[in-house]
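Colleague: Got a file for you: data03.txt, compact mmCIF, C-alpha atoms.
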```txt
# COMPACT_ATOMS: atom_id res chain seq x y z
CA MET A 1 77.66 129.54 122.23
CA PHE A 2 77.56 127.02 125.07
CA GLY A 3 74.75 125.19 123.26
CA GLN A 4 76.60 125.19 119.94
CA ASN A 5 79.56 123.39 121.50
CA LEU A 6 77.16 120.63 122.54
CA GLU A 7 75.43 120.62 119.13
CA VAL A 8 72.28 122.10 120.69
CA GLN A 9 70.52 124.89 118.80
CA LEU A 10 69.04 127.52 121.07
CA SER A 11 67.00 130.19 119.29
CA SER A 12 65.27 132.15 122.06
CA ALA A 13 65.00 132.73 125.80
CA ARG A 14 62.66 134.52 128.18
CA THR A 15 63.09 136.30 131.48
CA GLU A 16 60.20 137.59 133.63
CA ASP A 17 59.68 140.64 131.43
CA THR A 18 61.92 140.24 128.36
CA THR A 19 62.05 137.99 125.31
CA VAL A 20 65.44 137.41 123.66
CA VAL A 21 65.67 135.97 120.13
CA TRP A 22 68.81 135.50 118.08
CA LYS A 23 69.69 134.15 114.67
CA ASN A 24 72.93 133.37 112.86
CA PHE A 25 73.15 134.30 109.17
CA HIS A 26 75.59 132.56 106.81
CA ASP A 27 77.79 131.47 109.76
CA SER A 28 79.07 135.03 109.80
CA ILE A 29 76.69 137.51 111.44
CA THR A 30 74.63 136.86 114.57
CA LEU A 31 71.77 139.25 115.31
CA ILE A 32 70.18 139.43 118.77
CA VAL A 33 66.93 141.24 119.60
CA LEU A 34 65.53 141.92 123.07
CA SER A 35 61.97 143.07 123.63
CA SER A 36 60.21 143.94 126.87
CA GLU A 37 57.00 144.89 125.07
CA GLU A 38 54.06 143.08 126.64
CA GLY A 39 52.82 140.12 124.61
CA THR A 40 55.71 140.18 122.12
CA SER A 41 55.73 136.98 120.07
CA GLU A 42 58.81 135.09 118.95
CA LEU A 43 57.37 135.06 115.41
CA ARG A 44 57.49 138.86 115.33
CA LEU A 45 61.05 139.01 116.64
CA GLU A 46 62.29 136.29 114.24
CA ARG A 47 60.83 138.19 111.29
CA LEU A 48 62.32 141.42 112.61
CA LEU A 49 65.78 139.81 112.56
CA GLN A 50 65.21 138.60 108.98
CA MET A 51 64.25 142.13 107.93
CA VAL A 52 67.26 143.66 109.70
CA PHE A 53 69.67 141.27 107.98
CA GLY A 54 67.86 141.95 104.66
CA ALA A 55 68.38 145.70 105.24
CA MET A 56 72.09 145.12 105.88
CA VAL A 57 72.45 143.11 102.65
CA LEU A 58 70.37 145.69 100.73
CA LEU A 59 72.76 148.51 101.56
CA VAL A 60 76.13 146.78 102.07
CA GLY A 61 75.97 143.59 99.99
CA LEU A 62 76.26 139.94 101.06
CA GLU A 63 79.98 139.64 100.23
CA GLU A 64 80.90 142.30 102.82
CA LEU A 65 78.87 140.48 105.48
CA THR A 66 80.07 136.93 104.84
CA ASN A 67 83.72 137.65 104.05
CA ILE A 68 84.62 140.25 106.69
CA ARG A 69 88.15 141.56 106.19
CA ASN A 70 87.98 144.70 108.30
CA VAL A 71 85.42 144.89 111.12
CA GLU A 72 85.84 148.65 111.69
CA ARG A 73 85.21 149.39 107.99
CA LEU A 74 82.12 147.15 108.01
CA LYS A 75 80.76 149.00 111.06
CA LYS A 76 81.14 152.30 109.20
CA GLU A 77 79.44 150.93 106.07
CA LEU A 78 76.55 149.55 108.13
CA ARG A 79 75.69 153.06 109.34
CA ALA A 80 73.89 153.47 106.00
CA SER A 81 71.32 150.90 107.20
CA TYR A 82 70.63 152.48 110.64
CA ARG A 83 67.72 154.66 109.51
CA LEU A 84 66.02 151.71 107.81
CA VAL A 85 66.60 149.42 110.82
CA ASP A 86 65.28 152.12 113.20
CA SER A 87 62.07 152.29 111.14
CA PHE A 88 61.46 148.57 111.90
CA LEU A 89 61.95 149.16 115.63
CA GLY A 90 59.57 152.12 115.90
CA ASP A 91 55.76 152.17 115.87
CA SER A 92 55.36 151.99 112.09
CA GLU A 93 52.12 152.68 110.21
CA ARG A 94 53.08 149.80 107.88
CA ILE A 95 53.10 146.07 108.57
CA GLY A 96 55.19 144.48 105.79
CA ASP A 97 58.08 143.94 108.24
CA LEU A 98 55.85 141.44 110.09
CA THR A 99 53.74 139.96 107.28
CA GLN A 100 56.61 139.83 104.73
CA CYS A 101 54.06 141.13 102.20
CA VAL A 102 54.31 144.44 100.31
CA ASP A 103 52.30 147.28 101.90
CA CYS A 104 49.96 148.63 99.19
CA VAL A 105 47.36 151.35 98.75
CA VAL A 106 44.45 151.33 96.31
CA PRO A 107 44.12 154.51 94.22
CA PRO A 108 40.78 155.30 92.52
CA GLU A 109 42.22 155.32 88.97
CA VAL A 110 44.92 152.68 89.12
CA SER A 111 44.75 151.72 85.41
CA LEU A 112 45.72 155.26 84.27
CA LEU A 113 48.67 155.31 86.66
CA GLN A 114 49.72 151.81 85.64
CA GLU A 115 49.73 152.83 81.97
CA ALA A 116 51.79 155.97 82.64
CA LEU A 117 54.23 154.03 84.83
CA SER A 118 54.80 151.27 82.24
CA GLY A 119 55.31 153.85 79.49
CA PHE A 120 57.71 155.94 81.55
CA ALA A 121 59.76 152.90 82.67
CA GLU A 122 60.05 151.74 79.06
CA ALA A 123 61.13 155.23 77.93
CA ALA A 124 63.74 155.25 80.72
CA GLY A 125 65.05 151.84 79.63
CA THR A 126 64.09 149.67 82.62
CA ALA A 127 61.43 147.05 83.32
CA PHE A 128 61.34 147.80 87.06
CA GLY A 129 59.24 150.78 88.15
CA SER A 130 56.86 151.67 90.97
CA LEU A 131 54.96 154.56 92.52
CA VAL A 132 55.40 154.80 96.29
CA VAL A 133 53.45 156.94 98.76
CA SER A 134 54.63 156.98 102.42
CA GLY A 135 56.52 153.70 101.88
CA ARG A 136 53.52 151.92 100.31
CA VAL A 137 53.21 150.81 96.69
CA VAL A 138 50.48 152.53 94.65
CA ALA A 139 51.27 150.88 91.30
CA ALA A 140 54.17 148.85 89.89
CA THR A 141 55.32 147.24 86.64
CA GLU A 142 55.01 143.46 86.25
CA SER A 143 58.77 142.99 86.71
CA TRP A 144 58.73 145.02 89.94
CA TRP A 145 55.93 142.81 91.32
CA ARG A 146 58.05 139.75 90.49
CA LEU A 147 60.89 140.90 92.78
CA GLY A 148 61.57 138.30 95.47
CA THR A 149 61.27 138.53 99.23
CA PRO A 150 62.64 140.49 101.07
CA GLU A 151 63.58 143.18 98.50
CA ALA A 152 59.97 143.62 97.36
CA VAL A 153 59.17 144.74 100.95
CA LEU A 154 62.49 146.49 101.68
CA LEU A 155 62.73 148.82 98.65
CA PRO A 156 59.49 150.81 99.25
CA TRP A 157 60.21 150.71 102.99
CA LEU A 158 63.66 152.20 102.33
CA VAL A 159 62.14 154.99 100.20
CA GLY A 160 59.61 155.72 102.96
CA SER A 161 62.35 155.91 105.61
CA LEU A 162 64.63 158.37 103.77
CA PRO A 163 64.33 162.17 104.23
CA PRO A 164 62.48 163.90 101.34
CA GLN A 165 64.60 164.67 98.26
CA ALA A 166 63.69 165.76 94.74
CA ALA A 167 65.81 162.97 93.21
CA ARG A 168 68.13 160.17 94.36
CA ASP A 169 70.56 157.74 92.75
CA TYR A 170 71.00 155.08 95.42
CA PRO A 171 73.13 151.90 95.13
CA VAL A 172 71.26 148.81 96.41
CA TYR A 173 71.84 145.06 96.46
CA LEU A 174 68.87 142.70 96.12
CA PRO A 175 69.09 140.20 99.02
CA HIS A 176 67.26 137.51 97.03
CA GLY A 177 67.91 138.41 93.39
CA SER A 178 71.38 140.00 93.35
CA PRO A 179 73.06 139.96 96.79
CA THR A 180 76.61 140.57 95.53
CA VAL A 181 76.15 142.84 92.46
CA PRO A 182 74.69 146.31 93.16
CA HIS A 183 71.84 147.89 91.19
CA ARG A 184 70.77 151.53 91.18
CA LEU A 185 67.56 152.72 92.79
CA LEU A 186 66.51 156.00 91.14
CA THR A 187 63.78 158.01 92.85
CA LEU A 188 62.02 161.16 91.64
CA THR A 189 59.50 163.11 93.73
CA LEU A 190 56.37 163.72 91.62
CA LEU A 191 54.35 165.32 94.46
CA PRO A 192 55.20 165.78 98.16
CA GLY A 193 55.10 162.27 99.66
CA LEU A 194 54.67 160.53 96.27
CA GLU A 195 57.80 159.13 94.64
CA LEU A 196 58.55 157.41 91.36
CA CYS A 197 61.09 154.58 91.78
CA LEU A 198 63.13 152.85 89.08
CA LEU A 199 65.49 149.92 89.57
CA CYS A 200 68.17 149.75 86.89
CA GLY A 201 71.77 148.93 85.99
CA PRO A 202 74.49 151.42 84.91
CA ARG A 203 72.02 153.18 82.58
CA PRO A 204 70.13 155.50 82.40
CA PRO A 205 72.02 158.31 84.16
CA LEU A 206 69.76 160.30 86.48
CA SER A 207 70.29 163.38 84.28
CA GLN A 208 68.54 161.56 81.40
CA LEU A 209 65.25 161.64 83.33
CA ASP A 210 64.74 165.30 82.51
CA PRO A 211 61.63 167.43 83.23
CA GLN A 212 60.39 167.09 79.60
CA LEU A 213 60.27 163.29 79.89
CA LEU A 214 58.52 163.54 83.26
CA ASP A 215 55.97 166.07 81.98
CA ARG A 216 55.20 163.98 78.91
CA TRP A 217 54.13 160.94 80.98
CA TRP A 218 52.91 162.40 84.27
CA GLN A 219 51.30 165.78 83.43
CA PRO A 220 48.23 164.09 81.84
CA VAL A 221 47.63 162.05 85.03
CA LEU A 222 48.30 164.83 87.55
CA ASP A 223 44.79 164.67 89.07
CA PRO A 224 44.89 160.87 89.65
CA LEU A 225 48.37 161.35 91.19
CA ARG A 226 47.00 163.97 93.59
CA THR A 227 44.35 161.51 94.84
CA CYS A 228 47.18 159.11 95.86
CA VAL A 229 48.91 161.48 98.31
CA PRO A 230 46.34 161.23 101.18
CA LEU A 231 46.05 157.45 100.68
CA GLY A 232 49.19 156.66 102.75
CA PRO A 233 47.73 155.68 106.14
CA ARG A 234 44.20 155.19 104.76
CA ALA A 235 45.16 152.60 102.10
CA LEU A 236 41.57 152.48 100.74
CA PRO A 237 39.93 154.96 98.35
CA ALA A 238 37.78 157.70 99.95
CA GLY A 239 34.19 156.60 100.41
CA PHE A 240 34.95 152.86 100.35
CA PRO A 241 31.96 151.19 102.09
CA LEU A 242 33.15 149.71 105.38
CA HIS A 243 30.85 148.73 108.24
CA VAL A 244 30.73 151.43 110.93
CA ASP A 245 31.98 148.94 113.59
CA VAL A 246 35.26 148.25 111.75
CA LEU A 247 38.12 150.10 113.51
CA GLY A 248 41.01 148.62 111.53
CA LEU A 249 41.80 145.93 109.00
CA LEU A 250 44.62 143.90 107.53
CA LEU A 251 44.02 142.11 104.22
CA LEU A 252 46.72 139.75 102.95
CA HIS A 253 46.99 138.10 99.55
CA LEU A 254 49.34 135.25 100.46
CA GLU A 255 50.19 134.22 96.89
CA LEU A 256 50.82 137.72 95.51
CA LYS A 257 52.59 138.66 98.78
CA ARG A 258 50.73 141.99 99.06
CA CYS A 259 48.73 143.51 101.89
CA LEU A 260 46.40 146.40 102.77
CA PHE A 261 46.64 147.75 106.33
CA THR A 262 44.64 150.62 107.79
CA VAL A 263 43.39 151.83 111.16
CA GLU A 264 41.77 154.95 109.70
CA PRO A 265 38.05 153.91 109.68
CA SER A 266 36.06 155.60 112.49
CA GLY A 267 39.22 157.47 113.43
CA ASP A 268 37.68 159.48 116.29
CA GLN A 269 36.75 156.43 118.41
CA GLU A 270 38.82 154.64 121.03
CA PRO A 271 41.31 152.95 120.86
CA SER A 272 43.97 155.31 119.44
CA PRO A 273 45.51 154.53 116.01
CA GLU A 274 48.77 153.39 117.71
CA GLN A 275 46.86 150.98 119.95
CA ARG A 276 44.82 149.68 117.00
CA ARG A 277 48.01 148.93 115.10
CA ARG A 278 49.47 147.12 118.11
CA LEU A 279 46.29 145.05 118.55
CA LEU A 280 46.22 144.00 114.88
CA ARG A 281 49.96 143.22 114.82
CA SER A 282 49.66 141.05 117.95
CA PHE A 283 46.58 139.30 116.59
CA TYR A 284 48.36 138.62 113.27
CA SER A 285 51.30 137.05 115.16
CA LEU A 286 48.91 134.93 117.22
CA VAL A 287 46.80 133.55 114.36
CA THR A 288 49.82 133.01 112.09
CA ALA A 289 51.77 131.11 114.74
CA THR A 290 48.90 129.06 116.20
CA HIS A 291 45.77 128.85 114.05
CA PHE A 292 46.44 129.22 110.33
CA PRO A 293 48.97 127.23 108.30
CA PRO A 294 52.19 128.98 107.30
CA GLU A 295 52.09 131.18 104.20
CA PRO A 296 52.35 129.22 100.92
CA GLY A 297 55.89 128.07 100.15
CA THR A 298 57.13 125.50 97.65
CA PRO A 299 54.66 123.01 96.08
CA GLU A 300 56.32 120.23 98.14
CA ASP A 301 55.56 122.16 101.34
CA LYS A 302 51.94 122.51 100.28
CA VAL A 303 51.58 118.76 99.61
CA GLU A 304 53.21 117.95 102.95
CA ASP A 305 51.02 120.47 104.78
CA ALA A 306 47.90 119.08 103.15
CA ALA A 307 48.82 115.58 104.31
CA GLN A 308 49.70 116.63 107.84
CA ARG A 309 46.91 119.18 108.45
CA PRO A 310 43.62 117.76 107.20
CA GLN A 311 41.64 120.29 109.27
CA VAL A 312 42.66 123.90 108.71
CA PRO A 313 40.69 126.59 110.59
CA ARG A 314 38.88 129.11 108.42
CA ALA A 315 38.08 131.68 111.08
CA CYS A 316 38.77 132.61 114.68
CA TYR A 317 38.03 135.54 116.98
CA LEU A 318 39.29 137.08 120.18
CA VAL A 319 37.75 139.54 122.65
CA SER A 320 40.34 141.93 124.07
CA GLY A 321 39.69 143.78 127.33
CA PRO A 322 37.07 143.41 130.11
CA GLU A 323 34.74 140.43 129.96
CA GLU A 324 31.50 142.27 130.75
CA PRO A 325 28.91 142.10 127.94
CA GLY A 326 29.23 144.95 125.43
CA THR A 327 32.85 145.73 126.38
CA GLY A 328 36.21 144.74 124.94
CA TRP A 329 37.30 145.09 121.33
CA ARG A 330 36.72 142.18 118.99
CA LEU A 331 39.42 140.79 116.69
CA VAL A 332 38.35 138.38 113.97
CA ALA A 333 40.38 136.52 111.33
CA LEU A 334 39.00 134.80 108.24
CA GLN A 335 40.81 132.86 105.53
CA LEU A 336 39.29 132.19 102.09
CA GLY A 337 41.58 130.80 99.39
CA PRO A 338 44.74 132.92 99.12
CA ARG A 339 43.25 135.81 101.14
CA ARG A 340 43.38 136.31 104.88
CA LEU A 341 41.45 139.15 106.53
CA LEU A 342 41.96 140.43 110.07
CA LEU A 343 39.50 142.95 111.50
CA LEU A 344 39.50 145.04 114.66
CA VAL A 345 35.85 145.62 115.57
CA SER A 346 34.23 147.92 118.15
CA ALA A 347 32.85 146.58 121.44
CA GLN A 348 29.20 147.14 120.44
CA SER A 349 29.44 144.56 117.64
CA PRO A 350 27.91 141.23 118.83
CA THR A 351 30.30 138.27 118.75
CA HIS A 352 27.76 136.04 116.94
CA GLY A 353 27.83 138.46 113.98
CA LEU A 354 31.63 138.66 113.60
CA ARG A 355 32.00 135.93 110.98
CA SER A 356 29.23 137.39 108.82
CA LEU A 357 30.78 140.89 109.14
CA ALA A 358 34.24 139.55 108.17
CA THR A 359 32.83 137.59 105.21
CA HIS A 360 30.96 140.64 103.84
CA THR A 361 34.04 142.84 104.30
CA LEU A 362 36.29 140.31 102.56
CA HIS A 363 33.92 140.05 99.58
CA ALA A 364 33.87 143.87 99.30
CA LEU A 365 37.70 144.04 99.45
CA THR A 366 38.40 141.11 97.08
CA PRO A 367 38.30 143.19 93.84
CA LEU A 368 40.98 145.52 95.32
CA LEU A 369 43.61 142.84 96.09
```
Output the file's structure in the form of structure tokens.

Modeller:
Amino acid sequence: MFGQNLEVQLSSARTEDTTVVWKNFHDSITLIVLSSEEGTSELRLERLLQMVFGAMVLLVGLEELTNIRNVERLKKELRASYRLVDSFLGDSERIGDLTQCVDCVVPPEVSLLQEALSGFAEAAGTAFGSLVVSGRVVAATESWWRLGTPEAVLLPWLVGSLPPQAARDYPVYLPHGSPTVPHRLLTLTLLPGLELCLLCGPRPPLSQLDPQLLDRWWQPVLDPLRTCVPLGPRALPAGFPLHVDVLGLLLLHLELKRCLFTVEPSGDQEPSPEQRRRLLRSFYSLVTATHFPPEPGTPEDKVEDAAQRPQVPRACYLVSGPEEPGTGWRLVALQLGPRRLLLLVSAQSPTHGLRSLATHTLHALTPLL
């Protein structure tokens, strides 16, 4: 506030052990985040604030946040967003809050599920449908994939954060597409952990999605649906050929705004899954803020970037831990076209082979995303 009076914009501050980042939205709401987590980047905290404000708009609407008539009533209404906001603050198995890309999984028989989903959505009278397992998208209709940021990330994340229910009829605002007029998010549990989501207007009523309609479209693909349930944290189909040294990976498609994130390979080795996730999240923040250009924006941005950054790195690596030979985990990042791959690799993998390992892994993953 002191800075604002002097027309100075201050966006962050650091103490010995804490980083403080704040952001004002629409000259109405100011969000402040403090983190004492070691190595926390400002990029991560800035994106966290964007996601938190997106969650508030998603469940309360922009009008309530920019034209505040009654603060106490707004505080009560915002309680609906607490569970979703808490899921961003915890140690999540997903990464879309940081990458601003939709967390996806790759089922073995995606075309069958895609066909059933498109048919069911059409029968229900909406163009927007998706299948979500543990907050990650298994399959979606074309219109669902065209949803803007941040709702494309927030909607499956919201479904993953809610307690299990057979069916829901949930009012939501779309922060990018419809911030002042609510839509309805209908969810139906097909199998434990696997939910069918529809985004629609006043129709159809939830009662119209009766068991006969569900059976007609989903009974024939029951076996492919069952193969999706364990995919949550694994993201990749069982038996996908990954090098034995790969301990975790993050694959981003920067134009489609989708990502695959898993720390399941070689699950019995050190480090623990939580530590692997932390290492990959920190490495993503590092390479995004310092090495690679920002994610594609408008065509004008791209032209400007091309003019200003004639030399863009294609790969980088980091050794984390002790410096003795054969110790310390390796982190490698590689960018080819619209895809960026980050790998966490075991200590026994030689550093001179990291680029080759990343290139082979990226070529194997390319058909999936």

Colleague: Just checking: using all atoms listed in the file, which residue out of A:Thr227, A:Gln275, A:Ser36, A:Ser349 ends up closest to Val244 in chain A?

Modeller: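 Distance minimum relative to Val244 in chain A lands on A:Ser349.
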
Colleague: Determine, counting all atoms listed in the file, which protein, DNA and RNA residues have an atom within 6 Å of an atom of range 232-242 of chain A; residues of the same chain fewer than 3 positions away are not included. Present the result as a list in words.

Modeller: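 The filter keeps Val105, Val106, Pro107, Pro108, Val133, Ser134, Thr262 and Glu264 of chain A.
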
Colleague: Show me the residues close to (67.5, 155.9, 90.7) - anything with an atom within 6 Å, counting all atoms listed in the file - and format the list as a VMD selection string.

Modeller: chain A and resid 168 to 170 184 to 187 198

Colleague: In the coordinate frame of the file, compute which residues have an atom within 6 Å of (80.2, 135.8, 106.5) when using all atoms listed in the file, and state them as a ChimeraX atom specification.

Modeller: /A:26-28,65-67

Colleague: As an exercise, work out the distance from CA of Leu344 in chain A to CA of Glu46 in chain A in Å and give it to one decimal place.

Modeller: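 That distance, rounded to one decimal, is 24.4 Å.
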
Colleague: So which residues touch Leu354 in chain A within 9 Å, counting all atoms listed in the file, skipping near sequence neighbours fewer than 2 positions away, as a PDB file with C-alpha atoms, in the coordinates of the input?

Modeller:
```pdb
ATOM      1  CA  TYR A 317      38.030 135.540 116.980  1.00  0.00           C
ATOM      2  CA  ARG A 330      36.720 142.180 118.990  1.00  0.00           C
ATOM      3  CA  LEU A 331      39.420 140.790 116.690  1.00  0.00           C
ATOM      4  CA  VAL A 332      38.350 138.380 113.970  1.00  0.00           C
ATOM      5  CA  VAL A 345      35.850 145.620 115.570  1.00  0.00           C
ATOM      6  CA  SER A 349      29.440 144.560 117.640  1.00  0.00           C
ATOM      7  CA  PRO A 350      27.910 141.230 118.830  1.00  0.00           C
ATOM      8  CA  THR A 351      30.300 138.270 118.750  1.00  0.00           C
ATOM      9  CA  HIS A 352      27.760 136.040 116.940  1.00  0.00           C
ATOM     10  CA  SER A 356      29.230 137.390 108.820  1.00  0.00           C
ATOM     11  CA  LEU A 357      30.780 140.890 109.140  1.00  0.00           C
ATOM     12  CA  ALA A 358      34.240 139.550 108.170  1.00  0.00           C
ATOM     13  CA  THR A 359      32.830 137.590 105.210  1.00  0.00           C
TER      14      THR A 359
END
```

Colleague: Which neighbours of range 176-182 of chain A fall inside 8 Å, counting all atoms listed in the file, when residues of the same chain fewer than 3 positions from it are skipped, and could you give them as a PyMOL selection string?

Modeller: chain A and resi 57-58+61-63+147-151+171-173

Colleague: CA of Leu158 in chain A and CA of Cys101 in chain A, how far apart in Å?

Modeller: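 About the pair CA of Cys101 in chain A and CA of Leu158 in chain A: they are 14.7 Å apart.
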
Colleague: In Å, rounded to a single decimal, give me how far CA of Lys257 in chain A is from CA of Ala167 in chain A.

Modeller: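 One can read the CA of Ala167 in chain A to CA of Lys257 in chain A distance as 28.2 Å.
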
Colleague: Mind checking which residues fall within 12 Å of range 214-226 of chain A, counting all atoms listed in the file, ignoring those fewer than 3 positions away in the same chain, and posting them as a PDB file with C-alpha atoms, keeping the file's coordinate frame?

Modeller:
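result.pdb, freshly written:
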```pdb
ATOM      1  CA  VAL A 106      44.450 151.330  96.310  1.00  0.00           C
ATOM      2  CA  PRO A 107      44.120 154.510  94.220  1.00  0.00           C
ATOM      3  CA  PRO A 108      40.780 155.300  92.520  1.00  0.00           C
ATOM      4  CA  GLU A 109      42.220 155.320  88.970  1.00  0.00           C
ATOM      5  CA  VAL A 110      44.920 152.680  89.120  1.00  0.00           C
ATOM      6  CA  SER A 111      44.750 151.720  85.410  1.00  0.00           C
ATOM      7  CA  LEU A 112      45.720 155.260  84.270  1.00  0.00           C
ATOM      8  CA  LEU A 113      48.670 155.310  86.660  1.00  0.00           C
ATOM      9  CA  GLN A 114      49.720 151.810  85.640  1.00  0.00           C
ATOM     10  CA  GLU A 115      49.730 152.830  81.970  1.00  0.00           C
ATOM     11  CA  ALA A 116      51.790 155.970  82.640  1.00  0.00           C
ATOM     12  CA  LEU A 117      54.230 154.030  84.830  1.00  0.00           C
ATOM     13  CA  SER A 118      54.800 151.270  82.240  1.00  0.00           C
ATOM     14  CA  GLY A 119      55.310 153.850  79.490  1.00  0.00           C
ATOM     15  CA  PHE A 120      57.710 155.940  81.550  1.00  0.00           C
ATOM     16  CA  ALA A 121      59.760 152.900  82.670  1.00  0.00           C
ATOM     17  CA  GLU A 122      60.050 151.740  79.060  1.00  0.00           C
ATOM     18  CA  ALA A 123      61.130 155.230  77.930  1.00  0.00           C
ATOM     19  CA  ALA A 124      63.740 155.250  80.720  1.00  0.00           C
ATOM     20  CA  LEU A 131      54.960 154.560  92.520  1.00  0.00           C
ATOM     21  CA  VAL A 132      55.400 154.800  96.290  1.00  0.00           C
ATOM     22  CA  VAL A 133      53.450 156.940  98.760  1.00  0.00           C
ATOM     23  CA  VAL A 138      50.480 152.530  94.650  1.00  0.00           C
ATOM     24  CA  ALA A 139      51.270 150.880  91.300  1.00  0.00           C
ATOM     25  CA  LEU A 188      62.020 161.160  91.640  1.00  0.00           C
ATOM     26  CA  THR A 189      59.500 163.110  93.730  1.00  0.00           C
ATOM     27  CA  LEU A 190      56.370 163.720  91.620  1.00  0.00           C
ATOM     28  CA  LEU A 191      54.350 165.320  94.460  1.00  0.00           C
ATOM     29  CA  PRO A 192      55.200 165.780  98.160  1.00  0.00           C
ATOM     30  CA  GLY A 193      55.100 162.270  99.660  1.00  0.00           C
ATOM     31  CA  LEU A 194      54.670 160.530  96.270  1.00  0.00           C
ATOM     32  CA  GLU A 195      57.800 159.130  94.640  1.00  0.00           C
ATOM     33  CA  LEU A 196      58.550 157.410  91.360  1.00  0.00           C
ATOM     34  CA  SER A 207      70.290 163.380  84.280  1.00  0.00           C
ATOM     35  CA  GLN A 208      68.540 161.560  81.400  1.00  0.00           C
ATOM     36  CA  LEU A 209      65.250 161.640  83.330  1.00  0.00           C
ATOM     37  CA  ASP A 210      64.740 165.300  82.510  1.00  0.00           C
ATOM     38  CA  PRO A 211      61.630 167.430  83.230  1.00  0.00           C
ATOM     39  CA  VAL A 229      48.910 161.480  98.310  1.00  0.00           C
ATOM     40  CA  PRO A 230      46.340 161.230 101.180  1.00  0.00           C
ATOM     41  CA  LEU A 231      46.050 157.450 100.680  1.00  0.00           C
ATOM     42  CA  GLY A 232      49.190 156.660 102.750  1.00  0.00           C
ATOM     43  CA  PRO A 237      39.930 154.960  98.350  1.00  0.00           C
TER      44      PRO A 237
END
```

Colleague: Can you list, as a list in words, every protein, DNA or RNA residue that comes within 9 Å of Trp145 in chain A when you count only C-alpha atoms, leaving out same-chain residues fewer than 3 positions away?

Modeller: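 The neighbour list is Phe128, Ser130, Ala140, Thr141, Glu142, Gly148, Ala152 and Leu256 of chain A.
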
Colleague: With distances taken over only C-alpha atoms, which residue among A:Arg339, A:His243, A:Arg278, A:Arg314 lies nearest Ser92 in chain A?

Modeller: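 Between A:Arg339, A:His243, A:Arg278, A:Arg314, the residue approaching Ser92 in chain A most closely is A:Arg278.
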
Colleague: Restricting the calculation to only C-alpha atoms, which member of A:Glu274, A:Asp17, A:Glu255, A:Asp97 is positioned closest to Gly54 in chain A?

Modeller: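 Checking each of A:Glu274, A:Asp17, A:Glu255, A:Asp97 against Gly54 in chain A, counting only C-alpha atoms, the winner is A:Asp97.
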
Colleague: Kindly indicate which residue among A:Phe88, A:Trp329, A:Phe25, A:Phe261 lies nearest to Ser161 in chain A, using all atoms listed in the file for the distances.

Modeller: A:Phe88

Colleague: Which residue, A:Pro163, A:Gly328, A:Pro204, A:Pro313, has the smallest gap to Thr288 in chain A when you use all atoms listed in the file?

Modeller: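 The answer is A:Pro313, which sits nearest to Thr288 in chain A.
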
Colleague: Please complete range 243-251 of chain A with N, CA, C and O atoms and give it back as a PDB file, in the frame of the given file.

Modeller:
```pdb
ATOM      1  N   HIS A 243      31.824 148.711 107.146  1.00  0.00           N
ATOM      2  CA  HIS A 243      30.850 148.730 108.240  1.00  0.00           C
ATOM      3  C   HIS A 243      31.337 149.693 109.331  1.00  0.00           C
ATOM      4  O   HIS A 243      32.531 149.777 109.618  1.00  0.00           O
ATOM      5  N   VAL A 244      30.409 150.393 109.951  1.00  0.00           N
ATOM      6  CA  VAL A 244      30.730 151.430 110.930  1.00  0.00           C
ATOM      7  C   VAL A 244      31.478 150.861 112.147  1.00  0.00           C
ATOM      8  O   VAL A 244      32.220 151.568 112.827  1.00  0.00           O
ATOM      9  N   ASP A 245      31.314 149.550 112.429  1.00  0.00           N
ATOM     10  CA  ASP A 245      31.980 148.940 113.590  1.00  0.00           C
ATOM     11  C   ASP A 245      33.447 148.586 113.331  1.00  0.00           C
ATOM     12  O   ASP A 245      34.172 148.252 114.266  1.00  0.00           O
ATOM     13  N   VAL A 246      33.880 148.633 112.077  1.00  0.00           N
ATOM     14  CA  VAL A 246      35.260 148.250 111.750  1.00  0.00           C
ATOM     15  C   VAL A 246      36.216 149.395 112.141  1.00  0.00           C
ATOM     16  O   VAL A 246      36.097 150.505 111.633  1.00  0.00           O
ATOM     17  N   LEU A 247      37.165 149.095 113.030  1.00  0.00           N
ATOM     18  CA  LEU A 247      38.120 150.100 113.510  1.00  0.00           C
ATOM     19  C   LEU A 247      39.492 149.964 112.848  1.00  0.00           C
ATOM     20  O   LEU A 247      40.338 150.853 112.965  1.00  0.00           O
ATOM     21  N   GLY A 248      39.730 148.837 112.203  1.00  0.00           N
ATOM     22  CA  GLY A 248      41.010 148.620 111.530  1.00  0.00           C
ATOM     23  C   GLY A 248      40.965 147.303 110.789  1.00  0.00           C
ATOM     24  O   GLY A 248      40.173 146.411 111.134  1.00  0.00           O
ATOM     25  N   LEU A 249      41.785 147.184 109.749  1.00  0.00           N
ATOM     26  CA  LEU A 249      41.800 145.930 109.000  1.00  0.00           C
ATOM     27  C   LEU A 249      43.167 145.657 108.411  1.00  0.00           C
ATOM     28  O   LEU A 249      43.950 146.566 108.139  1.00  0.00           O
ATOM     29  N   LEU A 250      43.429 144.369 108.233  1.00  0.00           N
ATOM     30  CA  LEU A 250      44.620 143.900 107.530  1.00  0.00           C
ATOM     31  C   LEU A 250      44.159 142.831 106.543  1.00  0.00           C
ATOM     32  O   LEU A 250      43.585 141.820 106.955  1.00  0.00           O
ATOM     33  N   LEU A 251      44.356 143.096 105.253  1.00  0.00           N
ATOM     34  CA  LEU A 251      44.020 142.110 104.220  1.00  0.00           C
ATOM     35  C   LEU A 251      45.310 141.650 103.569  1.00  0.00           C
ATOM     36  O   LEU A 251      46.105 142.457 103.098  1.00  0.00           O
TER      37      LEU A 251
END
```
